[in-house]
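K.L.:
Next comes the structure file data_8.cif, holding mmCIF, C-alpha atoms.
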```
data_upload
#
loop_
_atom_site.label_atom_id
_atom_site.label_comp_id
_atom_site.auth_asym_id
_atom_site.auth_seq_id
_atom_site.Cartn_x
_atom_site.Cartn_y
_atom_site.Cartn_z
CA MET A 1 -19.85 -14.86 6.36
CA GLU A 2 -16.73 -15.28 4.19
CA GLN A 3 -18.43 -13.42 1.36
CA ALA A 4 -18.86 -10.32 3.56
CA TYR A 5 -15.10 -10.00 3.77
CA ASN A 6 -14.94 -9.54 0.01
CA HIS A 7 -16.84 -6.23 0.06
CA HIS A 8 -14.44 -3.43 -0.78
CA VAL A 9 -15.08 0.11 -2.02
CA SER A 10 -12.28 1.21 -4.33
CA VAL A 11 -10.72 4.52 -3.30
CA MET A 12 -10.71 7.42 -5.81
CA LEU A 13 -11.91 5.16 -8.63
CA ASP A 14 -13.16 8.00 -10.86
CA GLU A 15 -9.93 9.96 -10.45
CA VAL A 16 -7.80 6.90 -11.20
CA ILE A 17 -9.73 6.21 -14.42
CA GLU A 18 -9.47 9.88 -15.43
CA TYR A 19 -5.68 10.01 -15.05
CA ALA A 20 -4.96 6.48 -16.32
CA ASN A 21 -5.49 7.67 -19.90
CA LEU A 22 -6.47 4.15 -21.02
CA LYS A 23 -6.94 3.24 -24.68
CA LYS A 24 -8.77 0.15 -25.94
CA ASN A 25 -5.43 -1.61 -26.58
CA SER A 26 -3.59 -0.44 -23.43
CA LYS A 27 -1.29 -2.81 -21.58
CA VAL A 28 -1.92 -2.44 -17.83
CA LEU A 29 -0.08 -3.61 -14.71
CA ASP A 30 -1.98 -3.46 -11.42
CA MET A 31 0.66 -4.05 -8.75
CA THR A 32 -1.92 -4.25 -5.95
CA LEU A 33 -4.83 -6.22 -7.39
CA GLY A 34 -6.72 -6.88 -4.15
CA ARG A 35 -10.37 -7.68 -4.95
CA ALA A 36 -9.97 -6.14 -8.44
CA GLY A 37 -12.09 -3.08 -7.68
CA HIS A 38 -9.91 -0.83 -9.82
CA SER A 39 -8.81 -3.56 -12.23
CA SER A 40 -12.32 -4.60 -13.16
CA GLU A 41 -12.84 -1.03 -14.43
CA PHE A 42 -9.48 -1.08 -16.22
CA LEU A 43 -10.39 -4.33 -17.97
CA LYS A 44 -13.72 -2.92 -19.21
CA ARG A 45 -11.80 -0.15 -20.98
CA ILE A 46 -9.12 -2.26 -22.69
CA PRO A 47 -10.99 -4.86 -24.83
CA GLU A 48 -8.01 -5.17 -27.18
CA GLY A 49 -5.36 -4.70 -24.49
CA PHE A 50 -4.14 -6.85 -21.61
CA LEU A 51 -4.18 -6.61 -17.82
CA TYR A 52 -1.66 -8.13 -15.39
CA GLY A 53 -2.79 -8.13 -11.75
CA VAL A 54 -0.42 -8.79 -8.84
CA ASP A 55 -1.20 -9.92 -5.29
CA GLN A 56 0.28 -12.25 -2.69
CA ASP A 57 -3.03 -12.88 -0.93
CA LYS A 58 -4.43 -16.13 -2.32
CA GLU A 59 -7.99 -15.36 -1.16
CA ALA A 60 -7.86 -12.06 -3.04
CA LEU A 61 -6.47 -13.70 -6.19
CA THR A 62 -9.21 -16.35 -6.26
CA PHE A 63 -11.92 -13.73 -5.82
CA SER A 64 -10.38 -11.41 -8.44
CA GLU A 65 -9.98 -14.10 -11.07
CA GLU A 66 -13.67 -14.93 -10.80
CA ARG A 67 -14.63 -11.25 -10.93
CA LEU A 68 -12.42 -10.39 -13.90
CA SER A 69 -13.41 -13.47 -15.90
CA LYS A 70 -16.98 -12.11 -16.05
CA ILE A 71 -15.60 -9.09 -17.95
CA GLY A 72 -13.05 -10.68 -20.27
CA THR A 73 -10.27 -13.23 -20.69
CA ASN A 74 -7.52 -10.74 -21.55
CA PHE A 75 -5.92 -10.77 -18.11
CA LYS A 76 -3.46 -12.74 -16.03
CA THR A 77 -3.00 -12.77 -12.24
CA ILE A 78 0.42 -13.10 -10.64
CA ASP A 79 0.84 -14.61 -7.16
CA SER A 80 3.84 -12.66 -5.86
CA ASN A 81 5.12 -9.85 -3.69
CA PHE A 82 5.20 -6.87 -6.02
CA ALA A 83 8.91 -6.27 -5.35
CA GLU A 84 9.66 -9.44 -7.32
CA VAL A 85 7.25 -8.77 -10.18
CA PRO A 86 9.40 -6.56 -12.46
CA GLU A 87 12.10 -9.25 -12.57
CA LEU A 88 9.53 -12.00 -13.17
CA LEU A 89 8.01 -10.05 -16.06
CA LYS A 90 11.36 -9.18 -17.59
CA GLU A 91 12.33 -12.86 -17.56
CA GLN A 92 9.19 -13.52 -19.64
CA ASN A 93 9.94 -10.49 -21.84
CA ILE A 94 6.77 -8.75 -20.63
CA GLN A 95 7.45 -5.01 -20.43
CA ASP A 96 6.37 -1.76 -22.11
CA PHE A 97 3.26 -0.98 -20.08
CA ASP A 98 0.96 1.93 -20.85
CA PHE A 99 -0.34 2.17 -17.30
CA ILE A 100 0.99 0.95 -13.93
CA PHE A 101 -1.06 1.26 -10.77
CA PHE A 102 -0.32 1.03 -7.03
CA ASP A 103 -3.04 1.22 -4.34
CA LEU A 104 -1.17 0.86 -1.06
CA GLY A 105 -4.15 0.61 1.26
CA VAL A 106 -4.93 -2.64 3.02
CA SER A 107 -8.17 -3.84 1.46
CA SER A 108 -11.42 -3.79 3.43
CA PRO A 109 -11.75 -7.60 3.32
CA GLN A 110 -8.37 -7.94 5.05
CA PHE A 111 -9.26 -5.35 7.69
CA ASP A 112 -12.74 -6.76 8.24
CA ASP A 113 -11.68 -10.39 8.67
CA PRO A 114 -10.73 -10.81 12.37
CA LYS A 115 -8.53 -13.83 11.71
CA ARG A 116 -6.15 -11.71 9.60
CA GLY A 117 -5.28 -9.60 12.65
CA PHE A 118 -4.99 -6.22 10.90
CA SER A 119 -7.66 -4.35 12.85
CA TYR A 120 -7.43 -2.89 16.34
CA ARG A 121 -11.25 -2.80 16.37
CA LEU A 122 -11.74 -6.58 15.95
CA ASP A 123 -10.42 -9.31 18.22
CA GLY A 124 -8.32 -11.89 16.45
CA PRO A 125 -4.86 -13.45 16.31
CA LEU A 126 -1.88 -11.08 16.05
CA ASP A 127 -1.04 -11.82 12.43
CA MET A 128 -0.99 -8.96 9.85
CA ARG A 129 0.71 -11.00 7.10
CA MET A 130 -0.26 -10.04 3.56
CA ASN A 131 1.38 -13.27 2.40
CA GLN A 132 0.09 -15.93 4.77
CA ASN A 133 2.86 -18.32 3.78
CA GLN A 134 5.61 -16.16 5.30
CA GLU A 135 6.87 -16.93 8.81
CA LEU A 136 7.16 -13.45 10.32
CA SER A 137 3.93 -12.22 11.91
CA ALA A 138 2.96 -9.43 14.30
CA LYS A 139 2.84 -11.99 17.11
CA THR A 140 6.52 -12.83 16.53
CA ILE A 141 7.54 -9.17 16.58
CA VAL A 142 5.52 -8.31 19.69
CA ASN A 143 6.73 -11.30 21.70
CA GLU A 144 10.30 -11.81 20.47
CA TRP A 145 11.85 -8.61 19.13
CA PRO A 146 14.02 -6.62 21.58
CA VAL A 147 12.58 -3.50 23.20
CA SER A 148 15.00 -1.26 21.28
CA LYS A 149 13.70 -2.65 17.98
CA LEU A 150 10.07 -2.18 19.04
CA ILE A 151 10.78 1.45 19.93
CA GLU A 152 12.47 1.96 16.57
CA ILE A 153 9.61 0.59 14.46
CA PHE A 154 6.91 2.37 16.51
CA TYR A 155 8.73 5.69 16.02
CA ARG A 156 9.77 5.14 12.43
CA TYR A 157 6.80 3.35 10.90
CA GLY A 158 4.00 4.57 13.17
CA GLU A 159 5.35 8.00 14.13
CA GLU A 160 4.16 7.13 17.63
CA LYS A 161 5.19 9.75 20.25
CA PHE A 162 4.86 7.27 23.11
CA ALA A 163 6.83 4.49 21.41
CA LYS A 164 9.17 4.02 24.36
CA GLN A 165 6.42 3.75 26.98
CA ILE A 166 4.43 1.30 24.83
CA ALA A 167 7.46 -0.87 24.08
CA PHE A 168 8.40 -1.13 27.77
CA GLN A 169 4.82 -2.01 28.69
CA ILE A 170 4.77 -4.75 26.03
CA ASP A 171 8.03 -6.10 27.43
CA LYS A 172 6.64 -6.15 30.95
CA VAL A 173 3.53 -8.09 29.94
CA ARG A 174 5.29 -10.58 27.63
CA HIS A 175 7.55 -11.65 30.49
CA GLU A 176 4.41 -12.76 32.31
CA LYS A 177 2.51 -14.33 29.39
CA GLU A 178 2.49 -14.50 25.60
CA ILE A 179 0.64 -11.70 23.82
CA SER A 180 -1.41 -13.45 21.16
CA THR A 181 -4.48 -11.39 20.22
CA THR A 182 -5.19 -7.92 18.84
CA PHE A 183 -7.33 -6.92 21.82
CA GLU A 184 -4.59 -7.99 24.27
CA LEU A 185 -2.21 -5.66 22.46
CA VAL A 186 -4.78 -2.84 22.38
CA ASP A 187 -5.20 -3.11 26.16
CA ILE A 188 -1.43 -2.99 26.66
CA ILE A 189 -1.12 0.09 24.46
CA LYS A 190 -3.93 1.84 26.34
CA SER A 191 -2.33 1.02 29.70
CA ALA A 192 0.92 2.69 28.57
CA LEU A 193 -0.67 5.98 27.49
CA PRO A 194 -1.61 9.00 29.65
CA GLN A 195 -5.32 9.77 30.15
CA LYS A 196 -5.17 12.97 28.10
CA VAL A 197 -4.04 10.94 25.07
CA LEU A 198 -6.74 8.31 25.57
CA LYS A 199 -9.37 11.06 25.54
CA GLN A 200 -8.19 12.41 22.18
CA LYS A 201 -10.00 11.73 18.92
CA GLY A 202 -8.86 8.61 17.08
CA HIS A 203 -8.01 5.13 18.27
CA PRO A 204 -4.96 5.00 20.60
CA ALA A 205 -3.62 1.80 18.96
CA LYS A 206 -3.79 3.01 15.36
CA GLN A 207 -0.14 4.04 14.96
CA VAL A 208 1.34 0.97 16.64
CA PHE A 209 -0.82 -1.33 14.50
CA GLN A 210 0.30 0.57 11.39
CA ALA A 211 3.93 0.22 12.45
CA LEU A 212 3.59 -3.52 13.02
CA ARG A 213 1.87 -4.05 9.66
CA VAL A 214 4.63 -2.14 7.85
CA ALA A 215 7.32 -4.12 9.68
CA VAL A 216 5.68 -7.52 9.15
CA ASN A 217 5.38 -6.96 5.40
CA ASP A 218 8.51 -4.80 4.95
CA GLU A 219 6.18 -2.43 3.13
CA LEU A 220 8.37 0.65 2.70
CA THR A 221 11.42 -1.17 1.32
CA VAL A 222 9.24 -3.26 -0.98
CA PHE A 223 7.31 -0.23 -2.24
CA GLU A 224 10.41 1.85 -2.97
CA LYS A 225 12.10 -0.95 -4.92
CA SER A 226 9.00 -1.94 -6.87
CA LEU A 227 8.08 1.64 -7.80
CA LEU A 228 11.56 2.34 -9.16
CA ASP A 229 11.55 -0.94 -11.11
CA ALA A 230 8.01 -0.34 -12.39
CA LEU A 231 8.87 3.07 -13.84
CA ASP A 232 11.53 1.37 -15.97
CA MET A 233 8.79 -0.74 -17.58
CA LEU A 234 6.63 2.17 -18.77
CA ASN A 235 6.14 2.94 -22.46
CA SER A 236 6.69 6.43 -23.80
CA ASP A 237 3.58 8.42 -22.78
CA GLY A 238 2.79 5.70 -20.22
CA ARG A 239 1.59 6.69 -16.77
CA ALA A 240 2.14 5.51 -13.21
CA VAL A 241 -0.56 6.27 -10.63
CA VAL A 242 0.08 5.71 -6.92
CA ILE A 243 -2.42 6.00 -4.06
CA THR A 244 -0.85 6.16 -0.59
CA PHE A 245 -2.52 6.18 2.82
CA GLN A 246 0.23 7.22 5.20
CA SER A 247 2.91 9.89 5.24
CA LEU A 248 5.92 7.57 4.97
CA GLU A 249 4.66 5.96 1.77
CA ASP A 250 3.69 9.32 0.31
CA ARG A 251 7.13 10.72 1.11
CA ILE A 252 8.79 7.87 -0.81
CA CYS A 253 6.47 8.35 -3.79
CA LYS A 254 6.90 12.13 -3.80
CA SER A 255 10.69 11.83 -3.61
CA ILE A 256 10.95 9.28 -6.45
CA PHE A 257 8.55 11.20 -8.69
CA LYS A 258 10.43 14.45 -8.07
CA GLU A 259 13.79 12.83 -8.81
CA LYS A 260 12.52 11.25 -12.05
CA SER A 261 10.89 14.46 -13.29
CA THR A 262 13.82 16.78 -12.50
CA LEU A 263 16.82 17.24 -14.76
CA ASP A 264 20.11 17.16 -12.86
CA ILE A 265 22.04 20.04 -14.44
CA PRO A 266 25.59 20.64 -13.14
CA GLU A 267 26.13 24.14 -11.73
CA GLY A 268 28.11 26.69 -13.72
CA LEU A 269 27.22 25.48 -17.22
CA PRO A 270 27.45 28.49 -19.60
CA VAL A 271 24.75 27.22 -22.03
CA ILE A 272 21.03 26.65 -21.70
CA ILE A 273 20.26 22.94 -21.86
CA LYS A 274 17.06 22.10 -23.76
CA GLU A 275 17.02 18.46 -22.72
CA GLU A 276 13.96 17.35 -20.73
CA ALA A 277 13.73 15.06 -17.72
CA PRO A 278 12.62 11.52 -18.67
CA PHE A 279 9.34 11.86 -16.72
CA GLU A 280 6.75 14.56 -16.18
CA LEU A 281 4.66 15.21 -13.06
CA ILE A 282 1.01 15.37 -14.11
CA SER A 283 0.10 17.14 -10.87
CA ARG A 284 2.61 18.88 -8.63
CA LYS A 285 0.35 18.46 -5.62
CA PRO A 286 -1.31 15.17 -4.69
CA ILE A 287 -4.90 14.58 -5.83
CA LEU A 288 -7.23 14.16 -2.83
CA PRO A 289 -10.62 12.43 -2.54
CA SER A 290 -13.72 14.50 -3.28
CA GLU A 291 -15.99 15.70 -0.48
CA GLU A 292 -18.61 13.21 -1.63
CA GLU A 293 -16.17 10.30 -1.36
CA LEU A 294 -14.93 11.45 2.04
CA ASN A 295 -18.53 11.35 3.25
CA ASN A 296 -19.32 7.95 1.70
CA ASN A 297 -16.07 5.99 2.06
CA ASN A 298 -14.36 6.25 5.43
CA ARG A 299 -11.26 4.41 4.14
CA SER A 300 -10.53 7.27 1.72
CA HIS A 301 -9.75 9.86 4.40
CA SER A 302 -5.96 9.63 4.33
CA ALA A 303 -5.64 8.84 0.60
CA LYS A 304 -3.30 10.83 -1.66
CA MET A 305 -2.85 10.16 -5.36
CA ARG A 306 0.23 11.08 -7.42
CA ILE A 307 0.68 10.69 -11.19
CA LEU A 308 3.85 10.48 -13.29
CA ARG A 309 4.06 10.31 -17.12
CA LYS A 310 6.98 8.95 -19.09
CA ARG A 311 7.94 11.34 -21.89
#
```
Would you encode the structure as structure tokens?
P.N.:
Amino acid sequence: MEQAYNHHVSVMLDEVIEYANLKKNSKVLDMTLGRAGHSSEFLKRIPEGFLYGVDQDKEALTFSEERLSKIGTNFKTIDSNFAEVPELLKEQNIQDFDFIFFDLGVSSPQFDDPKRGFSYRLDGPLDMRMNQNQELSAKTIVNEWPVSKLIEIFYRYGEEKFAKQIAFQIDKVRHEKEISTTFELVDIIKSALPQKVLKQKGHPAKQVFQALRVAVNDELTVFEKSLLDALDMLNSDGRAVVITFQSLEDRICKSIFKEKSTLDIPEGLPVIIKEEAPFELISRKPILPSEEELNNNNRSHSAKMRILRKR
């Protein structure tokens, strides 16, 4: 059964390869290695290059190392939160990458394993930790954080309209008994929502589960810091490709890419400045999955890909 959790279809694989612009000696940094779906294709294309793959999920790292070793030996995995990786690499004088990749989706094996607690469709412990060695879990947040904080994260990270009602319902239940499973939380969320919302398309717990996952793993702060640091490690003509799956992540990526590719010219200058911004947007609008992929890979539906090139 464990092996079933390792099945993962990589999102927008063809598009990523197309925009990666890999050469046979490219130096690649995959900040979100997962089960190496993308990285196994990177490694095939860089026989004289080198691949660094980052993840904080030990199960994923073990699986990826075995998968990549069947392709080549010119890779190294790094067991770390990707916010810490740029500093770790700089300490070892490992910089100047030709391609840096972020895939911010939770991998299918994590979603499909009930004991990881990511899915509102599977009953399991309220966990949601990417790094299973950290203390903070979804169970801690749901049972111990104040109502005001729950409302804040449901609004901010889940964009949940009924954040207040759901938070108060959670508080009511947790005073009676500990909330310890995903299905217990789903039932509480459903009981807090009006019937017209429950009849709408989509799962009623989706946004709260997203909010909890983001809060447990501090995803937005970590992503913003690591993306800014990663761009500093790109070679001239190097590219960064980012795939996001929710609006908050995409907003951060869009903002950083716009800032890096725009020259800040003071108003009122009497001369035309010919200097260029240090980065160039490869596509002004995000690249979206093809119709074929949307039909074949349900996890691709909210994916957006953005590409930035260092001049």
K.L.:
Find, counting only C-alpha atoms, the residue in A:Val241, A:Ala303, A:Asp14, A:Arg35 that gets nearest to Ser108 of chain A.
P.N.:
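So, comparing all the options, the nearest one is A:Arg35.
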K.L.:
Could you check the closest approach to Pro125 of chain A for each of A:Val147, A:Leu185, A:Ser69, A:Gln165 and tell me which residue wins, using all atoms listed in the file?
P.N.:
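When distances to Pro125 of chain A are compared using all atoms listed in the file, the smallest one comes from A:Leu185.
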K.L.:
Any chance you could resolve the PyMOL selection byres ((chain A and resi 99) around 8) against this file and give the residues as number ranges by chain?
P.N.:
A: 20-22, 26-29, 97-98, 100-101, 234, 238-241
K.L.:
Can you work out which one of A:Ile170, A:Val242, A:Ile71, A:Leu220 has the shortest atom-to-atom distance to Val208 of chain A, counting all atoms listed in the file?
P.N.:
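Under the stated criterion, the closest residue is A:Ile170.
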K.L.:
Since I can't run it myself right now, could you work out what the PyMOL selection byres ((chain A and resi 161) around 12) selects here and report it as an NGL selection string?
P.N.:
:A and (151-160 or 162-167 or 192-194 or 197 or 204-205 or 207-208)
